[in-house]
$ cat coords_14.cif   # mmCIF, C-alpha atoms
data_entry
loop_
_atom_site.label_atom_id
_atom_site.label_comp_id
_atom_site.auth_asym_id
_atom_site.auth_seq_id
_atom_site.Cartn_x
_atom_site.Cartn_y
_atom_site.Cartn_z
CA MET A 137 2.84 0.73 5.81
CA SER A 138 4.63 0.06 2.55
CA SER A 139 5.86 3.03 0.58
CA THR A 140 4.44 1.38 -2.55
CA ALA A 141 0.73 1.97 -3.01
CA ILE A 142 -1.49 -0.73 -4.51
CA LYS A 143 -4.25 -0.39 -7.09
CA ILE A 144 -6.52 -3.27 -8.05
CA CYS A 145 -7.97 -2.35 -11.42
CA GLY A 146 -11.01 -3.67 -13.25
CA ILE A 147 -13.23 -3.98 -10.17
CA ALA A 148 -16.75 -4.79 -11.33
CA ALA A 149 -18.32 -6.82 -8.53
CA PRO A 150 -19.01 -6.19 -4.83
CA ASP A 151 -16.98 -9.21 -3.61
CA ALA A 152 -13.90 -8.03 -5.50
CA LEU A 153 -14.30 -4.54 -4.07
CA ASP A 154 -14.62 -5.91 -0.55
CA ALA A 155 -11.54 -8.08 -1.08
CA ALA A 156 -9.44 -5.09 -2.21
CA ILE A 157 -10.56 -3.11 0.84
CA ALA A 158 -9.90 -6.05 3.19
CA ALA A 159 -6.41 -6.47 1.71
CA ARG A 160 -5.73 -2.76 2.37
CA ALA A 161 -5.17 -1.73 -1.24
CA GLU A 162 -5.05 2.05 -1.57
CA HIS A 163 -7.03 2.26 -4.82
CA VAL A 164 -9.52 0.36 -6.95
CA GLY A 165 -10.02 1.00 -10.66
CA PHE A 166 -13.35 1.17 -12.48
CA VAL A 167 -12.97 0.56 -16.21
CA PHE A 168 -15.22 2.73 -18.40
CA PHE A 169 -14.30 1.17 -21.74
CA GLU A 170 -16.89 -0.96 -23.51
CA ARG A 171 -14.41 -3.21 -25.33
CA SER A 172 -12.87 -4.37 -22.06
CA PRO A 173 -14.13 -7.52 -20.30
CA ARG A 174 -13.83 -5.41 -17.12
CA ASN A 175 -16.11 -2.63 -18.34
CA VAL A 176 -18.58 -1.37 -15.73
CA SER A 177 -21.88 0.28 -16.52
CA ILE A 178 -22.65 3.68 -15.04
CA GLN A 179 -25.28 2.02 -12.84
CA ASP A 180 -22.87 -0.62 -11.50
CA ALA A 181 -20.16 1.99 -10.94
CA ALA A 182 -22.59 4.03 -8.86
CA ARG A 183 -23.47 1.00 -6.72
CA LEU A 184 -19.81 0.09 -6.22
CA ALA A 185 -18.89 3.68 -5.39
CA GLN A 186 -21.59 3.82 -2.73
CA ARG A 187 -20.27 0.59 -1.21
CA ALA A 188 -16.67 1.89 -1.32
CA ALA A 189 -17.40 5.36 0.01
CA GLY A 190 -14.68 6.57 2.36
CA ARG A 191 -12.95 3.18 2.48
CA ILE A 192 -10.69 3.19 -0.58
CA GLY A 193 -9.59 5.50 -3.41
CA LYS A 194 -11.58 5.20 -6.65
CA VAL A 195 -9.88 5.67 -10.01
CA GLY A 196 -11.79 5.73 -13.30
CA LEU A 197 -10.04 4.32 -16.37
CA PHE A 198 -10.96 5.92 -19.71
CA VAL A 199 -9.65 5.26 -23.23
CA ASP A 200 -9.77 8.29 -25.56
CA ALA A 201 -13.11 9.28 -24.01
CA ASP A 202 -14.84 12.62 -24.57
CA ASP A 203 -15.70 15.03 -21.76
CA ALA A 204 -19.30 13.82 -21.54
CA ALA A 205 -18.28 10.20 -21.00
CA ILE A 206 -15.71 11.20 -18.40
CA ALA A 207 -18.27 13.40 -16.62
CA ASP A 208 -20.68 10.45 -16.40
CA GLY A 209 -17.96 8.22 -14.95
CA VAL A 210 -16.74 10.84 -12.48
CA ALA A 211 -20.25 11.39 -11.14
CA ALA A 212 -21.29 7.74 -10.97
CA GLY A 213 -18.00 6.45 -9.59
CA GLN A 214 -17.49 9.37 -7.19
CA LEU A 215 -13.96 9.28 -8.56
CA ASP A 216 -10.86 10.44 -6.73
CA ALA A 217 -8.65 10.30 -9.85
CA ILE A 218 -8.95 9.91 -13.63
CA GLN A 219 -6.72 7.46 -15.50
CA LEU A 220 -6.26 8.11 -19.22
CA HIS A 221 -5.31 4.86 -20.91
CA GLY A 222 -5.49 5.72 -24.62
CA THR A 223 -3.56 7.97 -26.98
CA GLU A 224 -4.33 11.14 -25.02
CA THR A 225 -1.82 13.94 -25.63
CA PRO A 226 -0.35 16.14 -22.89
CA GLN A 227 -2.77 18.84 -24.04
CA ARG A 228 -5.73 16.50 -23.59
CA ALA A 229 -4.50 15.41 -20.16
CA ALA A 230 -4.14 19.06 -19.09
CA HIS A 231 -7.66 19.80 -20.34
CA VAL A 232 -9.13 16.87 -18.38
CA LYS A 233 -7.27 17.94 -15.24
CA ALA A 234 -8.58 21.49 -15.55
CA GLN A 235 -12.09 20.45 -16.55
CA PHE A 236 -12.72 18.01 -13.70
CA GLY A 237 -10.40 19.25 -10.95
CA LEU A 238 -9.17 15.74 -10.19
CA PRO A 239 -5.69 14.20 -10.32
CA VAL A 240 -4.94 12.74 -13.75
CA TRP A 241 -2.91 9.57 -14.20
CA LYS A 242 -1.61 8.94 -17.72
CA ALA A 243 -0.80 5.38 -18.75
CA LEU A 244 2.09 5.04 -21.19
CA SER A 245 2.75 1.90 -23.22
CA VAL A 246 6.38 0.81 -22.90
CA ALA A 247 8.49 -1.33 -25.22
CA THR A 248 11.64 0.83 -25.53
CA ALA A 249 13.61 3.44 -23.57
CA ALA A 250 12.08 6.14 -25.79
CA ASP A 251 8.62 5.15 -24.53
CA VAL A 252 9.77 5.80 -20.96
CA GLU A 253 11.23 9.18 -21.94
CA ARG A 254 7.82 10.26 -23.27
CA ALA A 255 6.68 10.64 -19.66
CA GLU A 256 8.47 13.98 -19.41
CA MET A 257 6.06 15.43 -22.00
CA TYR A 258 3.27 15.10 -19.41
CA ARG A 259 4.97 17.21 -16.76
CA GLY A 260 2.42 19.78 -15.59
CA ALA A 261 -0.35 18.03 -17.52
CA ALA A 262 -0.68 14.84 -15.46
CA ASP A 263 -0.15 14.12 -11.78
CA MET A 264 1.31 10.67 -12.32
CA VAL A 265 2.37 8.41 -15.18
CA LEU A 266 1.70 4.70 -15.23
CA PHE A 267 4.21 2.64 -17.19
CA ASP A 268 2.36 -0.31 -18.76
CA ALA A 269 3.35 -2.99 -21.26
CA LYS A 270 2.77 -2.18 -24.92
CA THR A 271 0.09 -4.50 -26.33
CA PRO A 272 -0.07 -5.80 -29.92
CA LYS A 273 -1.72 -3.50 -32.46
CA GLY A 274 -5.48 -3.95 -32.67
CA THR A 275 -5.80 -5.45 -29.18
CA LEU A 276 -6.89 -3.92 -25.88
CA PRO A 277 -4.61 -1.15 -24.54
CA GLY A 278 -4.04 -2.98 -21.25
CA GLY A 279 -5.14 -5.77 -18.95
CA MET A 280 -3.60 -8.50 -21.08
CA GLY A 281 -1.05 -9.83 -18.62
CA LEU A 282 1.99 -8.66 -20.60
CA VAL A 283 5.20 -7.65 -18.81
CA PHE A 284 7.79 -5.22 -20.21
CA ASP A 285 11.50 -5.00 -19.46
CA TRP A 286 11.64 -3.25 -16.07
CA THR A 287 15.29 -2.31 -16.56
CA LEU A 288 14.08 0.34 -19.02
CA LEU A 289 12.80 2.31 -16.02
CA SER A 290 16.27 2.69 -14.50
CA ALA A 291 16.99 5.56 -16.89
CA TYR A 292 13.87 7.54 -15.96
CA ARG A 293 14.82 10.86 -14.41
CA GLY A 294 11.53 12.70 -14.92
CA ALA A 295 9.82 14.88 -12.34
CA LEU A 296 6.50 13.04 -12.42
CA PRO A 297 5.67 10.36 -9.86
CA TRP A 298 5.16 7.02 -11.55
CA GLY A 299 3.51 3.66 -11.10
CA LEU A 300 4.09 0.24 -12.63
CA ALA A 301 1.52 -1.88 -14.48
CA GLY A 302 1.63 -4.70 -16.99
CA GLY A 303 1.53 -8.38 -16.14
CA LEU A 304 1.92 -7.97 -12.38
CA ASN A 305 0.63 -10.86 -10.26
CA PRO A 306 1.11 -12.34 -6.77
CA GLU A 307 4.18 -14.26 -7.96
CA ASN A 308 6.19 -11.36 -9.43
CA VAL A 309 5.04 -8.19 -7.67
CA ALA A 310 7.51 -8.42 -4.77
CA GLU A 311 10.39 -8.61 -7.25
CA ALA A 312 8.86 -5.77 -9.28
CA VAL A 313 8.74 -3.52 -6.23
CA ARG A 314 12.28 -4.48 -5.21
CA ARG A 315 13.74 -3.90 -8.67
CA THR A 316 11.87 -0.77 -9.73
CA ARG A 317 11.01 1.02 -6.45
CA ALA A 318 7.70 2.01 -8.06
CA LEU A 319 5.52 4.35 -6.02
CA LEU A 320 2.45 2.38 -7.08
CA VAL A 321 1.77 -1.09 -8.50
CA ASP A 322 -1.36 -1.66 -10.59
CA CYS A 323 -2.80 -5.13 -11.15
CA SER A 324 -5.79 -6.33 -13.15
CA SER A 325 -5.59 -9.64 -15.03
CA GLY A 326 -3.01 -10.99 -12.55
CA VAL A 327 -5.68 -11.34 -9.85
CA GLU A 328 -8.35 -12.96 -12.03
CA SER A 329 -9.61 -16.49 -12.48
CA GLU A 330 -10.78 -15.53 -16.00
CA PRO A 331 -10.92 -12.21 -17.91
CA GLY A 332 -13.12 -9.84 -15.94
CA ARG A 333 -13.65 -12.14 -12.94
CA LYS A 334 -11.54 -11.24 -9.92
CA ASP A 335 -10.22 -13.96 -7.58
CA ILE A 336 -10.54 -12.91 -3.94
CA ASP A 337 -7.63 -15.08 -2.77
CA LYS A 338 -5.36 -13.69 -5.51
CA ILE A 339 -6.22 -10.11 -4.50
CA ALA A 340 -5.20 -10.89 -0.92
CA ALA A 341 -2.01 -12.63 -2.06
CA PHE A 342 -1.07 -9.78 -4.40
CA CYS A 343 -1.42 -7.12 -1.72
CA GLN A 344 0.53 -9.20 0.80
CA ALA A 345 3.33 -9.85 -1.70
CA ALA A 346 3.50 -6.19 -2.78
CA ARG A 347 4.14 -5.21 0.83
CA SER A 348 6.67 -7.94 1.52
#

$ encode --input "coords_14.cif" --output "structure tokens"
Amino acid sequence: MSSTAIKICGIAAPDALDAAIAARAEHVGFVFFERSPRNVSIQDAARLAQRAAGRIGKVGLFVDADDAAIADGVAAGQLDAIQLHGTETPQRAAHVKAQFGLPVWKALSVATAADVERAEMYRGAADMVLFDAKTPKGTLPGGMGLVFDWTLLSAYRGALPWGLAGGLNPENVAEAVRRTRALLVDCSSGVESEPGRKDIDKIAAFCQAARS
């Protein structure tokens, strides 16, 4: 078993879910963000969660959502963790963790070394940070296939466990794992045939490459 866990994010269809399970990914991500092409309805999340039950970890992705929206997602998706992918402060992350009693993952947009250093602010508030590529202003906060400079992570000395996201795909994930030693790799657009449509073969290839 690889020491690097794998999360396939933006799962919205049963075949993609089955592919992630078959490829032995540790987690799938359900996106509860209406502007995303990977957004899942509460009804679809409930159906996917039932299909996934006991076979894979389920992470719900939220962007600056209120408690009511998170509660709906947690219940429908039978979530094992909550991923905050907006501008949530450490105080907000701590509140969500206390309110729902689930591990909280905080995604941080990275373009500079200072962005990496921000992770330390979430010590005690989040259970893990996810370093993702910073996207252009006015666009989606993630899932755009952008890669950041992984060498920025070499200076991270924080206490929080961390994962790597941003532009990962079957072609570059093995190098990403080798260079960064990330505890988790998170892929969304890199295993798609078009935005929001997962490619089963790419999911299998990504998981195989991540473990190689």

$ closest_residue --input "coords_14.cif" --among "A:Ile339, A:Val265, A:Ala345, A:Ala318" --to "Ala141 in chain A" --atoms "only C-alpha atoms"
A:Ala318

$ atom_distance --input "coords_14.cif" --atom1 "CA of Phe284 in chain A" --atom2 "CA of Asp268 in chain A"
7.5 Å

$ atom_distance --input "coords_14.cif" --atom1 "CA of Leu244 in chain A" --atom2 "CA of Leu266 in chain A"
6.0 Å

$ resolve_selection --input "coords_14.cif" --expression "the PyMOL selection byres ((chain A and resi 295) around 8)" --output "list in words"
Glu256, Arg259, Arg293, Gly294, Leu296 and Pro297 of chain A

$ resolve_selection --input "coords_14.cif" --expression "the PyMOL selection byres ((chain A and resi 316) around 10)" --output "ChimeraX atom specification"
/A:286-290,299-300,311-315,317-319

$ resolve_selection --input "coords_14.cif" --expression "the PyMOL selection byres ((chain A and resi 223) around 12)" --output "list of chain:residue names"
A:Phe198, A:Val199, A:Asp200, A:Ala201, A:Gln219, A:Leu220, A:His221, A:Gly222, A:Glu224, A:Thr225, A:Pro226, A:Gln227, A:Arg228, A:Ala229, A:Lys242, A:Ala243, A:Leu244, A:Ser245, A:Pro277

$ atom_distance --input "coords_14.cif" --atom1 "CA of Asn305 in chain A" --atom2 "CA of Ser324 in chain A"
8.4 Å

$ closest_residue --input "coords_14.cif" --among "A:Leu320, A:Ile157, A:Ala341, A:Val283" --to "Pro306 in chain A" --atoms "all atoms listed in the file"
A:Ala341

$ residues_near_point --input "coords_14.cif" --point "(-15.8, -2.7, -20.6)" --cutoff "12 Å" --atoms "all atoms listed in the file" --output "ChimeraX atom specification"
/A:146-148,166-178,180-181,196-199,276-279,331-332

$ closest_residue --input "coords_14.cif" --among "A:Ser329, A:Ala189, A:Cys343, A:Asp322" --to "Ala310 in chain A" --atoms "all atoms listed in the file"
A:Cys343

$ residues_around --input "coords_14.cif" --residues "Asp203 in chain A" --least-positions-apart "2" --cutoff "10 Å" --atoms "all atoms listed in the file" --output "list in words"
Asp200, Ala201, Ala205, Ile206, Ala207, Asp208, Gly209, His231, Val232, Gln235 and Phe236 of chain A

$ axis_aligned_box --input "coords_14.cif" --around "range 186-198 of chain A" --padding-each-side "5 Å" --output "JSON"
{"center_x": -15.6, "center_y": 3.6, "center_z": -8.6, "size_x": 22.0, "size_y": 16.0, "size_z": 32.2}

$ closest_residue --input "coords_14.cif" --among "A:Ala149, A:Val195, A:Ala182, A:Ala204" --to "Trp241 in chain A" --atoms "all atoms listed in the file"
A:Val195

$ residues_near_point --input "coords_14.cif" --point "(-4.3, -0.2, -1.3)" --cutoff "6 Å" --atoms "only C-alpha atoms" --output "list in words"
Ala141, Ile142, Lys143, Arg160, Ala161, Glu162 and His163 of chain A

$ closest_residue --input "coords_14.cif" --among "A:Thr140, A:Arg187, A:Ala291, A:Glu328" --to "Ala250 in chain A" --atoms "only C-alpha atoms"
A:Ala291

$ closest_residue --input "coords_14.cif" --among "A:Ala188, A:Val321, A:Ala249, A:Ala301" --to "Ala152 in chain A" --atoms "all atoms listed in the file"
A:Ala188

$ decode --input "coords_14.cif" --residues "range 215-326 of chain A" --atoms "C-alpha atoms" --output "PDB file, in the first residue's frame"
ATOM      1  CA  LEU A 215     -19.638  12.433   4.654  1.00  0.00           C
ATOM      2  CA  ASP A 216     -16.472  11.286   6.373  1.00  0.00           C
ATOM      3  CA  ALA A 217     -14.744  14.679   6.022  1.00  0.00           C
ATOM      4  CA  ILE A 218     -15.544  18.278   5.070  1.00  0.00           C
ATOM      5  CA  GLN A 219     -13.326  20.164   2.617  1.00  0.00           C
ATOM      6  CA  LEU A 220     -13.497  23.961   2.783  1.00  0.00           C
ATOM      7  CA  HIS A 221     -12.406  25.368  -0.560  1.00  0.00           C
ATOM      8  CA  GLY A 222     -13.234  29.074  -0.265  1.00  0.00           C
ATOM      9  CA  THR A 223     -11.955  31.973   1.815  1.00  0.00           C
ATOM     10  CA  GLU A 224     -12.817  30.330   5.143  1.00  0.00           C
ATOM     11  CA  THR A 225     -10.785  31.676   8.071  1.00  0.00           C
ATOM     12  CA  PRO A 226      -9.214  29.506  10.775  1.00  0.00           C
ATOM     13  CA  GLN A 227     -12.093  30.575  13.020  1.00  0.00           C
ATOM     14  CA  ARG A 228     -14.640  29.365  10.473  1.00  0.00           C
ATOM     15  CA  ALA A 229     -12.799  26.070  10.018  1.00  0.00           C
ATOM     16  CA  ALA A 230     -12.739  25.534  13.796  1.00  0.00           C
ATOM     17  CA  HIS A 231     -16.473  26.281  13.988  1.00  0.00           C
ATOM     18  CA  VAL A 232     -17.271  23.766  11.227  1.00  0.00           C
ATOM     19  CA  LYS A 233     -15.117  21.124  12.917  1.00  0.00           C
ATOM     20  CA  ALA A 234     -16.884  21.655  16.241  1.00  0.00           C
ATOM     21  CA  GLN A 235     -20.350  21.937  14.712  1.00  0.00           C
ATOM     22  CA  PHE A 236     -20.251  18.747  12.650  1.00  0.00           C
ATOM     23  CA  GLY A 237     -17.726  16.587  14.497  1.00  0.00           C
ATOM     24  CA  LEU A 238     -15.973  15.602  11.277  1.00  0.00           C
ATOM     25  CA  PRO A 239     -12.392  16.096  10.098  1.00  0.00           C
ATOM     26  CA  VAL A 240     -11.970  19.395   8.250  1.00  0.00           C
ATOM     27  CA  TRP A 241      -9.651  19.766   5.274  1.00  0.00           C
ATOM     28  CA  LYS A 242      -8.809  23.347   4.290  1.00  0.00           C
ATOM     29  CA  ALA A 243      -7.733  24.037   0.725  1.00  0.00           C
ATOM     30  CA  LEU A 244      -5.209  26.849   0.332  1.00  0.00           C
ATOM     31  CA  SER A 245      -4.463  28.562  -2.975  1.00  0.00           C
ATOM     32  CA  VAL A 246      -0.721  28.687  -3.635  1.00  0.00           C
ATOM     33  CA  ALA A 247       1.280  31.037  -5.846  1.00  0.00           C
ATOM     34  CA  THR A 248       4.052  32.120  -3.444  1.00  0.00           C
ATOM     35  CA  ALA A 249       5.949  30.842  -0.398  1.00  0.00           C
ATOM     36  CA  ALA A 250       3.797  33.099   1.789  1.00  0.00           C
ATOM     37  CA  ASP A 251       0.705  31.189   0.641  1.00  0.00           C
ATOM     38  CA  VAL A 252       2.278  27.957   1.904  1.00  0.00           C
ATOM     39  CA  GLU A 253       3.149  29.572   5.246  1.00  0.00           C
ATOM     40  CA  ARG A 254      -0.532  30.459   5.772  1.00  0.00           C
ATOM     41  CA  ALA A 255      -1.167  26.794   6.535  1.00  0.00           C
ATOM     42  CA  GLU A 256       0.212  27.251  10.048  1.00  0.00           C
ATOM     43  CA  MET A 257      -2.706  29.581  10.852  1.00  0.00           C
ATOM     44  CA  TYR A 258      -5.025  26.555  10.617  1.00  0.00           C
ATOM     45  CA  ARG A 259      -3.237  24.492  13.238  1.00  0.00           C
ATOM     46  CA  GLY A 260      -5.880  23.257  15.677  1.00  0.00           C
ATOM     47  CA  ALA A 261      -8.672  24.485  13.396  1.00  0.00           C
ATOM     48  CA  ALA A 262      -8.299  22.014  10.514  1.00  0.00           C
ATOM     49  CA  ASP A 263      -7.148  18.409  10.377  1.00  0.00           C
ATOM     50  CA  MET A 264      -5.369  18.747   7.053  1.00  0.00           C
ATOM     51  CA  VAL A 265      -4.473  21.436   4.537  1.00  0.00           C
ATOM     52  CA  LEU A 266      -4.674  20.911   0.803  1.00  0.00           C
ATOM     53  CA  PHE A 267      -2.246  22.980  -1.244  1.00  0.00           C
ATOM     54  CA  ASP A 268      -3.926  23.854  -4.555  1.00  0.00           C
ATOM     55  CA  ALA A 269      -2.985  26.130  -7.449  1.00  0.00           C
ATOM     56  CA  LYS A 270      -4.188  29.721  -7.230  1.00  0.00           C
ATOM     57  CA  THR A 271      -6.737  30.381  -9.988  1.00  0.00           C
ATOM     58  CA  PRO A 272      -7.265  33.706 -11.795  1.00  0.00           C
ATOM     59  CA  LYS A 273      -9.537  36.214 -10.068  1.00  0.00           C
ATOM     60  CA  GLY A 274     -13.197  35.756 -10.919  1.00  0.00           C
ATOM     61  CA  THR A 275     -12.819  32.101 -11.941  1.00  0.00           C
ATOM     62  CA  LEU A 276     -13.595  28.884 -10.075  1.00  0.00           C
ATOM     63  CA  PRO A 277     -11.503  28.283  -6.925  1.00  0.00           C
ATOM     64  CA  GLY A 278     -10.239  24.930  -8.201  1.00  0.00           C
ATOM     65  CA  GLY A 279     -10.639  22.156 -10.732  1.00  0.00           C
ATOM     66  CA  MET A 280      -9.101  24.149 -13.566  1.00  0.00           C
ATOM     67  CA  GLY A 281      -6.077  21.981 -14.264  1.00  0.00           C
ATOM     68  CA  LEU A 282      -3.527  24.558 -13.080  1.00  0.00           C
ATOM     69  CA  VAL A 283      -0.238  23.451 -11.502  1.00  0.00           C
ATOM     70  CA  PHE A 284       1.795  25.531  -9.040  1.00  0.00           C
ATOM     71  CA  ASP A 285       5.528  25.423  -8.335  1.00  0.00           C
ATOM     72  CA  TRP A 286       5.936  22.348  -6.122  1.00  0.00           C
ATOM     73  CA  THR A 287       9.336  23.529  -4.891  1.00  0.00           C
ATOM     74  CA  LEU A 288       7.461  26.076  -2.751  1.00  0.00           C
ATOM     75  CA  LEU A 289       6.399  23.178  -0.516  1.00  0.00           C
ATOM     76  CA  SER A 290       9.977  22.290   0.428  1.00  0.00           C
ATOM     77  CA  ALA A 291       9.988  25.109   2.988  1.00  0.00           C
ATOM     78  CA  TYR A 292       6.806  23.944   4.750  1.00  0.00           C
ATOM     79  CA  ARG A 293       7.563  22.991   8.340  1.00  0.00           C
ATOM     80  CA  GLY A 294       4.035  23.184   9.733  1.00  0.00           C
ATOM     81  CA  ALA A 295       2.459  20.654  12.070  1.00  0.00           C
ATOM     82  CA  LEU A 296      -0.587  19.967   9.914  1.00  0.00           C
ATOM     83  CA  PRO A 297      -0.693  16.994   7.550  1.00  0.00           C
ATOM     84  CA  TRP A 298      -1.035  18.159   3.971  1.00  0.00           C
ATOM     85  CA  GLY A 299      -2.167  17.031   0.555  1.00  0.00           C
ATOM     86  CA  LEU A 300      -1.403  18.196  -2.974  1.00  0.00           C
ATOM     87  CA  ALA A 301      -3.935  19.336  -5.580  1.00  0.00           C
ATOM     88  CA  GLY A 302      -3.841  21.460  -8.707  1.00  0.00           C
ATOM     89  CA  GLY A 303      -3.361  20.146 -12.221  1.00  0.00           C
ATOM     90  CA  LEU A 304      -2.486  16.584 -11.246  1.00  0.00           C
ATOM     91  CA  ASN A 305      -3.080  13.942 -13.915  1.00  0.00           C
ATOM     92  CA  PRO A 306      -1.919  10.420 -14.832  1.00  0.00           C
ATOM     93  CA  GLU A 307       1.160  11.837 -16.570  1.00  0.00           C
ATOM     94  CA  ASN A 308       2.556  13.963 -13.725  1.00  0.00           C
ATOM     95  CA  VAL A 309       1.296  12.445 -10.469  1.00  0.00           C
ATOM     96  CA  ALA A 310       4.167   9.979 -10.026  1.00  0.00           C
ATOM     97  CA  GLU A 311       6.659  12.840 -10.274  1.00  0.00           C
ATOM     98  CA  ALA A 312       4.507  14.939  -7.921  1.00  0.00           C
ATOM     99  CA  VAL A 313       4.562  12.213  -5.287  1.00  0.00           C
ATOM    100  CA  ARG A 314       8.305  11.665  -5.719  1.00  0.00           C
ATOM    101  CA  ARG A 315       9.162  15.358  -5.488  1.00  0.00           C
ATOM    102  CA  THR A 316       6.778  16.487  -2.753  1.00  0.00           C
ATOM    103  CA  ARG A 317       6.201  13.357  -0.617  1.00  0.00           C
ATOM    104  CA  ALA A 318       2.591  14.527  -0.211  1.00  0.00           C
ATOM    105  CA  LEU A 319       0.458  12.468   2.162  1.00  0.00           C
ATOM    106  CA  LEU A 320      -2.470  12.768  -0.247  1.00  0.00           C
ATOM    107  CA  VAL A 321      -2.917  13.613  -3.931  1.00  0.00           C
ATOM    108  CA  ASP A 322      -6.220  15.087  -5.111  1.00  0.00           C
ATOM    109  CA  CYS A 323      -7.289  14.968  -8.754  1.00  0.00           C
ATOM    110  CA  SER A 324     -10.369  16.300 -10.528  1.00  0.00           C
ATOM    111  CA  SER A 325     -10.035  17.756 -14.032  1.00  0.00           C
ATOM    112  CA  GLY A 326      -6.976  15.579 -14.747  1.00  0.00           C
TER     113      GLY A 326
END
